[in-house]
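Report on the structure given below.
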Amino acid sequence: MHLIPDRGFQHPHPSEITPRDLALNRRQWLAAAGATALALPAAGTAGAQVARPGKLAALPGARSAVPGASTIEKLTAHGDATSYNNFYEFGTDKSDPARNAHTLKTRPWTVAIEGEVRKPGSFDIDTLLKMAPMEERIYRLRCVEGWSMVIPWVGWSLAELIKRVEPTGNARFVQFVTLADRAQMPGLRSSVLDWPYVEGLRMDEAMHPLTMLAFGMYGEVMPNQNGAPVRLVVPWKYGFKSGKSLVKIRFVEKQPKTSWEVSAPEEYGFYSNVNPKVDHPRWSQATERRIGDGGGLFAKRLATQMFNGYEPQVGQLYAGMDLKKFY
Ligand SMILES: Nc1nc2c(c(=O)[nH]1)N[C@H]1C(S)=C(S)[C@@H](COP(=O)(O)O)O[C@H]1N2
Ligand SMILES: [Mo]
């Protein structure tokens with residue numbers, strides 16, 4: 001497989017790329033520069049592209065062969081990706097999760113599988129970790145608030161787990177339930193959201209190979225503030241669809257409610273696909289600020305791409321749908 005270029009997305013100018021970024025993404029840059037695919041080792045067999053920061057236990061992943069799974073954009077600095085977070089269970093300020101999430105206990109940890117499946121049950125996190133080969137995928141994550149990051153996640157396609165639990169013909173949606181434990185999560189004292197934080201996907205969205213169960217990032221196990229020990233990452237949807245610290249995955253017939261929909265239905269719909277043409281009622285979604293690009297409030301904003309730039313991979317899932325109505 002050769003790297004599929006992200007046509008249309010604003011790549012950083014080469015002068016903005018540091019030597020370290022070049023070293024980390026060397027093979028991707030070679031591919032982007034037009035080097036023949038033959039000159040490159042087969043994807044999937046190659047090692048990770050990203051050096052680990054050395055803060056947590058290593059969790060390496062081989063470069064993914066899923067089409068579109070890696071962008072060649074400059075990575076967000078590890079320090080930014082782990083200190084500027086949304087994880088309301090640990091507080092609503094961006095700096096709260098990094099400060100507070102040390103109280104999260106990630107072992108023992110189980111993920112329950114319920115509902116319309118032939119093989120319901122409970123998976124221990126250490127069993128899940130070994131269920132499929134770990135892959136590294138460099139995804140953009142765009143928050144509905146108008147900022148974005150580029151993060152090297154480690155994990156595998158959620159479809160791997162779904163296939164193993166054998167959904168029945170009644171399984172049309174998947175609900176994701178995250179941990180809600182007052183003893184570990186000081187943010188639960190606030191009623192900003194209905195706890196537990198719940199999210200959902202249509203079955204075909206959940207089965208799409210880009211939809212990822214992530215166990216780590218930057219070559220290491222997931223930092224608590226980013227959703228340890230396991231979270232979802234759905235790169236073509238606003239960040240809030242990517243639930244952190246998952247404890248339950250439920251297969252259901254009817255479209256499930258999501259926490260953000262319950263809290264503000266006019267602002268957050270079930271689909272929540274990144275769409276520059278559908279404004280949030282209180283602000284435009286046409287542009288985004290890349291975290292860490294420098295310049296603070298005066299940083300140049302990038303044009304937000306349809307489906308966060310993953311339209312070639314996921315556009316057909318929404319063919320014929322009115323995306324203003326199903327926002
Ligand atoms: N359980 C839970 N998951 C969550 C959230 C949250 O508050 N609680 N915030 C979401 C939002 S709004 C975003 S933008 C992403 C942020 O992920 P990151 O901090 O790893 O960048 O996590 C999402 N997952
Ligand atoms: Mo977000």
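Residues are named by chain letter and number: chains run A, B, ... in the order of the structure tokens, numbers start at 1 in each chain, and ligands are numbered from 1 in the order shown.
For range 146-155 of chain A, the residues within 6 Å (counting only C-alpha atoms, excluding itself and residues fewer than 3 positions away along the chain) are Gly61, Leu75, Thr76, Met134, Glu135, Glu136, Arg137, Ile138, Tyr139, Arg140, Leu141, Arg142, Cys143, Leu213, Ala214, Phe215, Gly216, Met217, Tyr218, Glu288, Arg289, Arg290 and Ile291 of chain A.
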Output as a tab-separated table one row per residue of chain A within 6 Å of ligand 2: the closest atom pair and its distance in Å to one decimal place, counting only C-alpha atoms and all ligand atoms, sorted by chain and residue number ascending.
```
residue	atom	partner	partner_atom_place_in_ligand_line	distance
A:Cys143	CA	ligand 2	1 (Mo)	3.8
A:Val144	CA	ligand 2	1 (Mo)	5.1
A:Gly239	CA	ligand 2	1 (Mo)	4.4
A:Phe240	CA	ligand 2	1 (Mo)	4.5
```
C-alpha atoms of the current selection, written as a compact mmCIF listing (two decimals), in the first residue's frame:
```
# COMPACT_ATOMS: atom_id res chain seq x y z
CA CYS A 143 -12.87 19.78 18.29
CA VAL A 144 -16.25 21.42 17.72
CA GLY A 239 -13.77 15.28 18.88
CA PHE A 240 -16.60 14.80 21.33
```
task = Within range 22-246 of chain A, find each residue whose DSSP state, derived from the backbone, is helix (DSSP H, G or I), and express the selection as JSON, numbers by chain.
result = {"A": [22, 23, 24, 26, 27, 28, 29, 30, 31, 32, 37, 38, 39, 78, 79, 80, 81, 88, 89, 90, 96, 97, 98, 99, 100, 101, 102, 103, 125, 126, 127, 128, 129, 158, 159, 160, 161, 162, 163, 164, 165, 186, 187, 188, 189, 203, 204, 205, 206, 207, 224, 225, 226, 239, 240, 241]}
request  = Would you list the residues that come within 9 Å of ligand 1? Count only C-alpha atoms and all ligand atoms and give the answer as a PyMOL selection string.
outcome  = chain A and resi 81-92+94+97+141-145+147-149+151+177-180+193+196-199+223+225-227+231-233+238-246
task = Tell me, as a VMD selection string, which residues lie within 8 Å of range 256-270 of chain A, counting only C-alpha atoms; anything in the same chain fewer than 3 positions away does not count.
result = chain A and resid 173 to 175 192 to 201 252 280 to 281 326 to 327
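The residue that comes closest to Met212 in chain A, out of A:Ala286, A:Val230, A:Leu317, A:Pro186 and on the basis of only C-alpha atoms, is A:Val230.
As for CA of Ser157 in chain A and CA of Lys55 in chain A, they are spaced 25.4 Å apart.
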ask   = What lies within 7 Å of Val111 in chain A using only C-alpha atoms, ignoring chain neighbours under 6 positions off, as a PyMOL selection string?
value = chain A and resi 122-125+246-248
